[in-house]
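input_11.cif (mmCIF, C-alpha atoms)
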data_final
loop_
_atom_site.label_atom_id
_atom_site.label_comp_id
_atom_site.auth_asym_id
_atom_site.auth_seq_id
_atom_site.Cartn_x
_atom_site.Cartn_y
_atom_site.Cartn_z
CA MET A 1 -25.64 0.39 -29.35
CA SER A 2 -24.31 3.70 -28.11
CA ALA A 3 -25.11 6.11 -25.29
CA LYS A 4 -24.36 9.73 -24.51
CA LYS A 5 -21.98 10.24 -21.62
CA THR A 6 -20.49 13.36 -20.09
CA PHE A 7 -16.80 13.42 -19.17
CA VAL A 8 -15.72 15.96 -16.61
CA ILE A 9 -11.97 16.14 -17.18
CA THR A 10 -9.34 17.97 -15.16
CA ARG A 11 -7.48 20.57 -17.20
CA PHE A 12 -4.31 22.35 -16.17
CA ASP A 13 -2.04 24.45 -18.32
CA PRO A 14 1.05 25.46 -16.34
CA ASP A 15 1.51 28.49 -18.59
CA LYS A 16 -1.99 29.88 -17.97
CA ASP A 17 -3.68 28.28 -14.97
CA GLU A 18 -2.95 28.91 -11.32
CA VAL A 19 -4.86 25.81 -10.27
CA PRO A 20 -6.45 22.90 -12.16
CA LYS A 21 -10.00 23.37 -13.45
CA THR A 22 -12.48 21.04 -15.12
CA GLN A 23 -13.93 20.91 -18.60
CA SER A 24 -16.95 18.85 -19.66
CA TYR A 25 -17.33 16.93 -22.90
CA GLU A 26 -20.48 15.15 -23.97
CA ILE A 27 -19.91 12.37 -26.47
CA GLU A 28 -21.68 9.39 -27.97
CA CYS A 29 -19.97 6.27 -26.61
CA GLN A 30 -20.06 2.74 -27.96
CA ASP A 31 -21.04 0.05 -25.45
CA ASP A 32 -17.76 -1.82 -25.77
CA TRP A 33 -15.55 1.23 -25.23
CA LYS A 34 -13.04 1.45 -22.48
CA VAL A 35 -12.54 4.79 -20.71
CA LEU A 36 -9.38 5.36 -22.74
CA ASP A 37 -11.34 4.97 -25.98
CA ALA A 38 -13.60 7.83 -24.93
CA ILE A 39 -10.67 10.04 -23.97
CA ASN A 40 -8.98 9.27 -27.29
CA PHE A 41 -12.23 10.18 -29.06
CA ILE A 42 -12.34 13.50 -27.23
CA LYS A 43 -8.72 14.20 -28.17
CA ASP A 44 -9.21 13.18 -31.82
CA GLU A 45 -12.58 14.78 -32.47
CA LEU A 46 -13.24 17.54 -29.97
CA ASP A 47 -10.15 18.92 -28.28
CA ALA A 48 -6.66 18.21 -29.54
CA SER A 49 -5.15 20.18 -26.66
CA LEU A 50 -6.08 17.51 -24.08
CA SER A 51 -2.89 15.95 -22.67
CA TYR A 52 -2.58 12.47 -21.19
CA ARG A 53 -0.34 9.42 -21.43
CA TRP A 54 -1.22 6.18 -23.14
CA SER A 55 0.48 3.62 -25.31
CA CYS A 56 -0.31 -0.10 -25.52
CA ARG A 57 -4.11 -0.21 -24.91
CA MET A 58 -3.78 -3.69 -23.41
CA ALA A 59 -2.81 -3.14 -19.76
CA VAL A 60 0.86 -3.82 -20.32
CA CYS A 61 2.63 -0.47 -20.54
CA GLY A 62 1.09 1.11 -17.42
CA SER A 63 0.88 4.57 -19.00
CA CYS A 64 -2.83 5.36 -18.89
CA GLY A 65 -3.47 5.38 -15.14
CA MET A 66 -6.00 8.06 -14.16
CA MET A 67 -8.59 8.69 -11.50
CA VAL A 68 -11.99 7.57 -12.77
CA ASP A 69 -14.79 8.75 -10.50
CA GLY A 70 -12.23 9.12 -7.71
CA GLU A 71 -10.67 5.64 -8.03
CA PRO A 72 -7.26 4.99 -9.58
CA LYS A 73 -7.82 2.95 -12.74
CA LEU A 74 -5.94 1.78 -15.78
CA THR A 75 -8.22 3.45 -18.32
CA CYS A 76 -7.49 0.97 -21.13
CA LYS A 77 -8.81 -1.80 -18.88
CA THR A 78 -11.79 0.04 -17.42
CA ALA A 79 -15.10 -0.54 -19.19
CA LEU A 80 -17.29 2.53 -19.70
CA SER A 81 -20.36 0.35 -19.20
CA ASP A 82 -19.46 0.05 -15.49
CA TYR A 83 -20.16 3.77 -15.00
CA GLY A 84 -23.14 6.09 -15.14
CA ASP A 85 -23.88 8.92 -17.56
CA THR A 86 -21.26 11.24 -16.07
CA LEU A 87 -17.63 10.32 -15.41
CA GLU A 88 -15.07 12.39 -13.61
CA ILE A 89 -11.57 11.91 -15.02
CA GLU A 90 -8.66 13.30 -13.02
CA PRO A 91 -4.90 12.88 -13.03
CA LEU A 92 -3.51 10.28 -10.62
CA ALA A 93 -3.93 11.41 -7.04
CA ASN A 94 -0.89 12.16 -4.85
CA PHE A 95 1.26 13.23 -7.81
CA PRO A 96 2.15 16.77 -8.87
CA ILE A 97 0.20 17.59 -12.03
CA VAL A 98 2.31 18.57 -15.04
CA ARG A 99 -0.51 19.21 -17.49
CA ASP A 100 -4.16 18.07 -17.70
CA LEU A 101 -4.02 14.32 -16.91
CA VAL A 102 -0.24 14.05 -17.03
CA VAL A 103 1.54 13.71 -13.69
CA GLU A 104 5.17 14.18 -12.65
CA LEU A 105 6.90 10.78 -12.50
CA GLU A 106 10.40 11.85 -11.50
CA GLY A 107 9.54 11.53 -7.81
CA PHE A 108 8.75 7.87 -8.38
CA MET A 109 11.95 7.34 -10.38
CA ASP A 110 13.94 8.82 -7.48
CA LYS A 111 12.27 6.43 -5.05
CA VAL A 112 12.60 3.33 -7.21
CA LYS A 113 16.36 3.83 -7.64
CA ARG A 114 16.79 3.70 -3.87
CA VAL A 115 15.76 0.03 -3.66
CA LYS A 116 18.47 -1.09 -6.13
CA PRO A 117 16.06 -2.75 -8.59
CA TRP A 118 18.64 -4.94 -10.26
CA ILE A 119 20.41 -8.18 -9.47
CA VAL A 120 23.27 -7.52 -7.12
CA SER A 121 25.98 -10.15 -7.39
CA ALA A 122 28.65 -10.62 -4.80
CA LYS A 123 32.05 -10.86 -6.54
CA GLU A 124 32.85 -14.40 -5.46
CA GLU A 125 29.30 -15.57 -6.22
CA ALA A 126 29.43 -13.93 -9.65
CA ALA A 127 32.72 -15.68 -10.43
CA HIS A 128 31.29 -18.99 -9.25
CA ARG A 129 28.19 -18.50 -11.40
CA ALA A 130 30.21 -17.48 -14.42
CA ALA A 131 32.21 -20.67 -14.05
CA ALA A 132 29.03 -22.70 -13.62
CA THR A 133 27.50 -21.02 -16.66
CA MET A 134 30.53 -21.91 -18.76
CA LYS A 135 30.26 -25.50 -17.60
CA GLU A 136 26.52 -26.11 -17.35
CA GLY A 137 24.97 -23.51 -19.60
CA THR A 138 22.53 -20.77 -18.61
CA TYR A 139 22.20 -20.02 -14.92
CA ARG A 140 19.29 -22.13 -13.81
CA GLN A 141 16.46 -21.18 -11.54
CA SER A 142 13.93 -23.76 -10.40
CA THR A 143 10.20 -23.20 -10.76
CA GLU A 144 9.95 -22.91 -7.00
CA GLU A 145 12.67 -20.26 -6.93
CA LEU A 146 10.90 -18.35 -9.69
CA MET A 147 7.52 -18.54 -7.98
CA ALA A 148 8.99 -16.93 -4.86
CA PHE A 149 9.08 -13.58 -6.66
CA LYS A 150 7.22 -13.92 -9.97
CA GLN A 151 4.05 -12.27 -8.72
CA PHE A 152 5.99 -9.18 -7.65
CA SER A 153 7.78 -8.97 -10.99
CA MET A 154 4.47 -8.47 -12.81
CA CYS A 155 4.32 -4.80 -11.80
CA ILE A 156 3.94 -2.47 -14.81
CA ASN A 157 4.69 0.71 -12.82
CA CYS A 158 1.27 2.16 -13.56
CA LEU A 159 1.45 3.88 -10.13
CA LEU A 160 -2.19 3.31 -9.25
CA CYS A 161 -0.93 1.98 -5.93
CA TYR A 162 0.72 5.32 -5.15
CA SER A 163 -2.55 7.10 -5.85
CA ALA A 164 -4.46 4.78 -3.55
CA CYS A 165 -1.99 4.76 -0.66
CA PRO A 166 -2.93 6.96 2.31
CA VAL A 167 0.68 6.95 3.51
CA VAL A 168 2.02 8.26 0.19
CA ALA A 169 -0.49 11.11 0.50
CA ASN A 170 0.88 12.22 3.84
CA GLU A 171 4.50 11.07 4.08
CA PRO A 172 6.56 12.42 1.19
CA ASP A 173 9.59 10.31 2.13
CA PHE A 174 7.69 7.01 1.96
CA LEU A 175 9.19 4.77 -0.73
CA GLY A 176 5.72 3.56 -1.63
CA PRO A 177 4.18 0.23 -2.68
CA ALA A 178 5.63 -0.34 -6.16
CA ALA A 179 9.21 0.56 -5.23
CA ILE A 180 9.16 -1.63 -2.12
CA ALA A 181 7.52 -4.49 -4.05
CA LEU A 182 10.28 -4.20 -6.64
CA GLY A 183 12.99 -4.25 -3.97
CA HIS A 184 11.33 -7.26 -2.35
CA ARG A 185 11.11 -8.96 -5.76
CA TYR A 186 14.92 -8.79 -6.06
CA ASN A 187 15.39 -9.83 -2.44
CA MET A 188 13.43 -13.00 -3.20
CA ASP A 189 15.38 -13.74 -6.38
CA SER A 190 17.72 -16.70 -5.93
CA ARG A 191 20.30 -15.04 -8.23
CA ASP A 192 20.54 -11.93 -6.07
CA ASP A 193 23.02 -11.24 -3.29
CA GLY A 194 21.84 -7.74 -2.42
CA GLN A 195 19.40 -8.59 0.38
CA ALA A 196 21.60 -7.14 3.10
CA GLU A 197 21.93 -3.81 1.25
CA ARG A 198 18.22 -3.58 0.53
CA ASN A 199 17.22 -4.64 4.03
CA GLU A 200 19.45 -1.88 5.36
CA ILE A 201 17.46 0.54 3.19
CA PHE A 202 14.18 -1.03 4.30
CA ARG A 203 15.11 -0.49 7.94
CA GLY A 204 15.52 3.24 7.30
CA GLU A 205 13.02 6.08 7.64
CA GLY A 206 10.02 6.17 5.30
CA THR A 207 10.25 2.60 4.11
CA VAL A 208 8.45 -0.64 4.94
CA PHE A 209 7.59 0.27 8.52
CA SER A 210 5.78 3.42 7.40
CA CYS A 211 3.21 1.17 5.74
CA SER A 212 0.06 0.94 7.85
CA TYR A 213 -1.30 -2.01 5.85
CA ALA A 214 -4.35 -0.21 4.55
CA ASN A 215 -4.17 -2.73 1.69
CA GLU A 216 -5.44 -0.09 -0.76
CA CYS A 217 -2.48 -0.65 -3.09
CA SER A 218 -3.46 -4.28 -3.58
CA GLU A 219 -7.13 -3.40 -4.02
CA VAL A 220 -6.40 -1.13 -6.99
CA CYS A 221 -3.50 -3.06 -8.59
CA PRO A 222 -4.61 -4.02 -12.13
CA LYS A 223 -2.05 -6.83 -12.42
CA GLY A 224 -2.66 -8.70 -9.17
CA VAL A 225 0.83 -7.92 -7.89
CA ASP A 226 -0.43 -7.48 -4.32
CA PRO A 227 2.11 -4.83 -3.27
CA ALA A 228 0.73 -4.84 0.29
CA ALA A 229 1.85 -8.46 0.60
CA ALA A 230 5.30 -7.54 -0.72
CA VAL A 231 5.66 -4.63 1.71
CA ASN A 232 4.62 -6.72 4.68
CA GLN A 233 6.75 -9.68 3.66
CA ALA A 234 9.62 -7.23 3.39
CA LYS A 235 8.88 -6.09 6.96
CA LEU A 236 9.23 -9.64 8.23
CA ASN A 237 12.37 -10.34 6.18
CA THR A 238 13.90 -7.09 7.38
CA VAL A 239 13.29 -7.97 11.01
CA ILE A 240 14.66 -11.50 10.53
CA ASP A 241 17.73 -10.08 8.78
CA TRP A 242 18.23 -7.60 11.62
CA ALA A 243 17.89 -10.31 14.28
CA ALA A 244 20.16 -12.68 12.34
CA GLY A 245 22.81 -9.97 12.35
CA PHE A 246 23.31 -10.57 16.07
CA VAL A 247 24.13 -14.23 15.68
CA VAL A 248 25.48 -14.64 12.14
CA SER A 249 28.63 -12.94 10.97
CA ARG A 250 28.10 -10.70 7.95
CA GLY A 251 31.75 -10.76 6.98
CA GLY A 252 33.68 -7.56 6.60
CA ASP A 253 35.80 -5.46 4.31
CA GLU A 254 38.49 -7.41 2.56
CA MET B 1 -12.53 21.28 -10.09
CA PRO B 2 -14.39 19.83 -7.09
CA ALA B 3 -12.80 20.39 -3.68
CA ARG B 4 -10.30 17.67 -2.89
CA LYS B 5 -8.22 17.25 0.22
CA ALA B 6 -4.65 18.22 -0.57
CA SER B 7 -1.94 15.59 -0.28
CA HIS B 8 1.29 16.59 1.39
CA PRO B 9 2.67 19.34 -0.90
CA GLN B 10 5.86 17.34 -1.38
CA ALA B 11 4.09 14.01 -2.05
CA MET B 12 5.82 12.26 -4.98
CA ALA B 13 7.79 15.41 -5.72
CA PRO B 14 11.07 14.91 -7.60
CA SER B 15 14.30 15.47 -5.68
CA ALA B 16 15.15 18.29 -8.10
CA PRO B 17 12.49 20.66 -9.47
CA GLY B 18 11.24 19.76 -12.96
CA ARG B 19 11.32 22.06 -15.96
CA THR B 20 7.65 23.01 -15.78
CA ARG B 21 5.53 24.39 -12.97
CA THR B 22 3.25 21.71 -11.54
CA ALA B 23 -0.06 21.82 -9.71
CA PRO B 24 0.08 20.40 -6.18
CA PRO B 25 -1.04 16.80 -5.60
CA VAL B 26 -4.48 16.01 -4.22
CA GLN B 27 -5.87 12.94 -2.50
CA PRO B 28 -8.47 10.70 -4.12
CA GLY B 29 -11.94 12.14 -3.67
CA SER B 30 -13.47 8.81 -2.81
CA TRP B 31 -11.41 8.07 0.27
CA GLN B 32 -13.76 9.38 2.90
CA THR B 33 -16.79 7.71 1.38
CA SER B 34 -15.52 4.44 -0.08
CA ARG B 35 -16.34 1.23 1.76
CA ARG B 36 -12.69 0.19 1.96
CA MET B 37 -11.50 3.48 3.41
CA LYS B 38 -14.34 3.56 5.92
CA GLN B 39 -13.14 0.17 7.14
CA TYR B 40 -9.58 1.43 7.33
CA SER B 41 -10.68 4.61 9.15
CA ARG B 42 -12.57 2.49 11.69
CA PHE B 43 -9.39 0.42 12.11
CA GLY B 44 -7.37 3.58 12.73
CA MET B 45 -9.94 5.02 15.13
CA THR B 46 -9.61 2.00 17.40
CA GLY B 47 -6.28 3.57 18.40
CA TRP B 48 -8.24 6.21 20.35
CA VAL B 49 -10.13 3.46 22.17
CA TYR B 50 -6.86 1.80 23.18
CA LEU B 51 -5.45 5.14 24.31
CA LEU B 52 -8.47 5.77 26.55
CA ALA B 53 -8.45 2.17 27.80
CA SER B 54 -4.75 2.48 28.64
CA ILE B 55 -5.34 5.73 30.52
CA SER B 56 -8.16 4.13 32.54
CA ALA B 57 -5.93 1.12 33.33
CA ILE B 58 -3.15 3.45 34.54
CA GLU B 59 -5.74 5.33 36.64
CA MET B 60 -6.76 1.99 38.18
CA VAL B 61 -3.16 1.05 39.00
CA TYR B 62 -2.61 4.52 40.47
CA ALA B 63 -5.75 4.11 42.60
CA LEU B 64 -4.50 0.71 43.74
CA GLY B 65 -1.38 2.42 45.07
CA SER B 66 -3.39 5.18 46.78
CA GLY B 67 -5.08 2.98 49.29
CA PRO B 68 -8.20 0.81 49.59
CA GLU B 69 -10.64 3.76 49.59
CA ALA B 70 -9.30 5.15 46.33
CA TYR B 71 -9.39 1.67 44.83
CA GLU B 72 -13.01 1.16 45.94
CA ARG B 73 -13.96 4.53 44.48
CA MET B 74 -12.28 3.61 41.20
CA GLN B 75 -14.14 0.31 41.10
CA GLY B 76 -17.34 2.28 41.53
CA VAL B 77 -16.38 4.42 38.53
CA PHE B 78 -15.68 1.30 36.50
CA GLY B 79 -19.13 -0.01 37.39
CA HIS B 80 -20.85 3.04 35.88
CA PRO B 81 -22.97 2.10 32.81
CA LEU B 82 -20.94 4.46 30.60
CA MET B 83 -17.72 2.72 31.60
CA VAL B 84 -19.29 -0.66 30.96
CA LEU B 85 -20.32 0.61 27.53
CA PHE B 86 -16.79 1.89 26.94
CA HIS B 87 -15.35 -1.50 27.81
CA ALA B 88 -17.83 -3.17 25.48
CA ILE B 89 -16.59 -0.82 22.73
CA SER B 90 -13.00 -1.71 23.68
CA LEU B 91 -13.77 -5.41 23.39
CA PHE B 92 -15.39 -4.86 20.00
CA SER B 93 -12.36 -2.80 18.87
CA VAL B 94 -9.93 -5.53 19.90
CA GLY B 95 -12.02 -8.12 18.07
CA TYR B 96 -12.23 -5.95 14.96
CA VAL B 97 -8.47 -5.31 14.82
CA VAL B 98 -7.59 -8.93 15.57
CA VAL B 99 -9.90 -10.27 12.86
CA ARG B 100 -8.53 -7.75 10.33
CA PHE B 101 -4.95 -8.60 11.32
CA PHE B 102 -5.56 -12.34 11.17
CA GLY B 103 -7.13 -11.90 7.73
CA LEU B 104 -4.11 -10.03 6.35
CA PHE B 105 -1.37 -11.91 8.22
CA PRO B 106 -1.11 -15.02 5.98
CA LYS B 107 -0.20 -13.05 2.88
CA ALA B 108 2.47 -11.16 4.80
CA GLN B 109 4.49 -14.38 5.02
CA PRO B 110 7.40 -14.56 2.57
CA ALA B 111 7.52 -17.57 0.26
CA ARG B 112 10.49 -18.84 2.22
CA ILE B 113 12.24 -17.88 5.44
CA GLY B 114 15.69 -19.43 5.12
CA PRO B 115 15.07 -23.16 4.68
CA LEU B 116 11.50 -22.92 5.97
CA LYS B 117 8.33 -22.53 3.93
CA PRO B 118 5.35 -21.00 5.71
CA PRO B 119 2.31 -23.27 6.06
CA PRO B 120 -0.75 -22.63 3.85
CA GLY B 121 -2.88 -19.56 4.66
CA PRO B 122 -5.79 -21.49 6.22
CA VAL B 123 -3.37 -23.31 8.56
CA ILE B 124 -1.84 -19.98 9.65
CA ALA B 125 -5.32 -18.50 10.20
CA ALA B 126 -6.47 -21.57 12.16
CA THR B 127 -3.34 -21.41 14.33
CA LEU B 128 -3.85 -17.71 15.04
CA TYR B 129 -7.53 -18.13 15.92
CA GLY B 130 -6.73 -21.23 17.99
CA ALA B 131 -4.07 -19.35 19.96
CA TRP B 132 -6.40 -16.39 20.46
CA ILE B 133 -9.24 -18.54 21.73
CA GLY B 134 -6.87 -20.58 23.92
CA ILE B 135 -5.28 -17.50 25.53
CA THR B 136 -8.74 -15.96 26.06
CA LEU B 137 -9.96 -19.10 27.80
CA VAL B 138 -6.87 -19.29 30.05
CA LEU B 139 -7.13 -15.61 31.00
CA SER B 140 -10.88 -15.98 31.64
CA ALA B 141 -10.20 -18.97 33.86
CA ILE B 142 -7.58 -16.98 35.83
CA LEU B 143 -9.94 -14.00 36.23
CA ALA B 144 -12.78 -16.29 37.31
CA GLY B 145 -10.53 -17.87 39.94
CA GLY B 146 -10.53 -21.23 38.23
CA ILE B 147 -6.72 -21.27 37.95
CA PHE B 148 -4.31 -19.97 40.64
#
Go ahead and render the structure in this file as structure tokens.
Amino acid sequence: MSAKKTFVITRFDPDKDEVPKTQSYEIECQDDWKVLDAINFIKDELDASLSYRWSCRMAVCGSCGMMVDGEPKLTCKTALSDYGDTLEIEPLANFPIVRDLVVELEGFMDKVKRVKPWIVSAKEEAAHRAAATMKEGTYRQSTEELMAFKQFSMCINCLLCYSACPVVANEPDFLGPAAIALGHRYNMDSRDDGQAERNEIFRGEGTVFSCSYANECSEVCPKGVDPAAAVNQAKLNTVIDWAAGFVVSRGGDE
Amino acid sequence: MPARKASHPQAMAPSAPGRTRTAPPVQPGSWQTSRRMKQYSRFGMTGWVYLLASISAIEMVYALGSGPEAYERMQGVFGHPLMVLFHAISLFSVGYVVVRFFGLFPKAQPARIGPLKPPPGPVIAATLYGAWIGITLVLSAILAGGIF
């Protein structure tokens, strides 16, 4: 079975266009197609100039995020059968548009670096662990320790959460859901010693306390990461860390 | 392209300009009409209700300090049907925000706070609702003259 559908797609050529415009394509779609299949068909058969990102086609790489009828969606995971005869395909909201459906990602990369998304090891801890590793084998993490952060490590950086977030739309300095969730993921990792550094960042301007808990990021997340939970857990941890600073010594420069 | 509300022009902009000119970011078109965003907008609009309620409470305190006549007059104002309606809206707003907050609060608990694990979500929710109902009953009893 197949059906005719019209795709109204945003087009923008930075060399020619002042502002984005739309172009319509009417194609015969198979019932089992995802939105990405239709866009690939348009690119292959009708208009090779259409630009967009995609790669894995199985909701793992996070490349094919677009606005489908005004909602941020991973197009390889979004069934065409859920939509009517006309679909509006736009680039991800809240991002500068580079070309057609391709958005500028450098802003996100700048933000994500700020949360130190890697395991920070204190020198003495690292030496202790190295010694333990030599003696006992691989550094071990219990299931319970893993479960404390596993959900937040499932993020594929598709950036749908940034498109859905009303704070991202209005506060350019806001770190945003995915970056904060990633920072929180490392804060919850039993191998990490960088909580104090990250909590210092989280207490700054445009971070966790800019979140108004609209919960939109979690509503649109295709991987069930629940970034809103991460952001709000980070709020609580940050406050506890701040309060603990009054009663527990943090050490000092050696 | 259909009209879309612009995002902040610097939303998700890189710290250094990229090599190509970009079109400015726009907000999702569905925000104003989607069920979820309507709920969130209603949540945000309750802020205006609290602002007005706070102003009326300050007015009342000010009247209390301006003598018995001013206080009586203010009580008369508070008895006006429009003010009663406003207070009904305030009560609804408080209930709406509290229920939304209680619904979202359990998942805002980290998996572990130091050595402590938070209780399961339903236990947290039951505790919050229990405390809310308990405090409401105590305050009602005080206002009704049952206590003190």
Hey, list the chain A side of the contact with chain B: 6 Å cut-off, all atoms listed in the file, answer as a PDB file with C-alpha atoms, in the frame of the given file.
ATOM      1  CA  PRO A  14       1.050  25.460 -16.340  1.00  0.00           C
ATOM      2  CA  LYS A  21     -10.000  23.370 -13.450  1.00  0.00           C
ATOM      3  CA  THR A  22     -12.480  21.040 -15.120  1.00  0.00           C
ATOM      4  CA  GLY A  70     -12.230   9.120  -7.710  1.00  0.00           C
ATOM      5  CA  ALA A  93      -3.930  11.410  -7.040  1.00  0.00           C
ATOM      6  CA  ASN A  94      -0.890  12.160  -4.850  1.00  0.00           C
ATOM      7  CA  PHE A  95       1.260  13.230  -7.810  1.00  0.00           C
ATOM      8  CA  PRO A  96       2.150  16.770  -8.870  1.00  0.00           C
ATOM      9  CA  ILE A  97       0.200  17.590 -12.030  1.00  0.00           C
ATOM     10  CA  VAL A  98       2.310  18.570 -15.040  1.00  0.00           C
ATOM     11  CA  GLU A 106      10.400  11.850 -11.500  1.00  0.00           C
ATOM     12  CA  GLY A 107       9.540  11.530  -7.810  1.00  0.00           C
ATOM     13  CA  ALA A 148       8.990 -16.930  -4.860  1.00  0.00           C
ATOM     14  CA  ALA A 169      -0.490  11.110   0.500  1.00  0.00           C
ATOM     15  CA  ASN A 170       0.880  12.220   3.840  1.00  0.00           C
ATOM     16  CA  PRO A 172       6.560  12.420   1.190  1.00  0.00           C
ATOM     17  CA  ALA A 229       1.850  -8.460   0.600  1.00  0.00           C
ATOM     18  CA  ASN A 232       4.620  -6.720   4.680  1.00  0.00           C
ATOM     19  CA  GLN A 233       6.750  -9.680   3.660  1.00  0.00           C
TER      20      GLN A 233
END
Quick one: residues within 12 Å of stretch 129-134 of chain B, all atoms listed in the file counted, chain neighbours fewer than 2 positions away excluded, as a CSV table (one decimal) with C-alpha atoms, in the coordinates of the input?
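The resulting file, result_34.csv, is reproduced below:
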chain,number,residue,atom,x,y,z
B,94,VAL,CA,-9.9,-5.5,19.9
B,95,GLY,CA,-12.0,-8.1,18.1
B,98,VAL,CA,-7.6,-8.9,15.6
B,99,VAL,CA,-9.9,-10.3,12.9
B,100,ARG,CA,-8.5,-7.8,10.3
B,101,PHE,CA,-5.0,-8.6,11.3
B,102,PHE,CA,-5.6,-12.3,11.2
B,103,GLY,CA,-7.1,-11.9,7.7
B,105,PHE,CA,-1.4,-11.9,8.2
B,122,PRO,CA,-5.8,-21.5,6.2
B,123,VAL,CA,-3.4,-23.3,8.6
B,124,ILE,CA,-1.8,-20.0,9.6
B,125,ALA,CA,-5.3,-18.5,10.2
B,126,ALA,CA,-6.5,-21.6,12.2
B,127,THR,CA,-3.3,-21.4,14.3
B,136,THR,CA,-8.7,-16.0,26.1
B,137,LEU,CA,-10.0,-19.1,27.8
B,138,VAL,CA,-6.9,-19.3,30.0
B,139,LEU,CA,-7.1,-15.6,31.0
B,140,SER,CA,-10.9,-16.0,31.6
B,141,ALA,CA,-10.2,-19.0,33.9
Go ahead and compute the interatomic distance for atom CA of A:Met154 and atom CA of A:Val225, in Å to one decimal. 6.1 Å
Residues in the PyMOL selection byres ((chain A and resi 42-45) around 12), expressed as a ChimeraX atom specification: /A:5-9,23-29,35-41,46-53
Selected residue of minimal separation from A:Glu205 among A:Asp82, A:Glu145, A:Glu171, A:Glu88, counting only C-alpha atoms: A:Glu171
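Ranking B:Met45, B:Ser93, B:Ser66, B:Ala53 by their shortest atom-to-atom distance to B:Phe78, with all atoms listed in the file included, puts B:Ala53 first.
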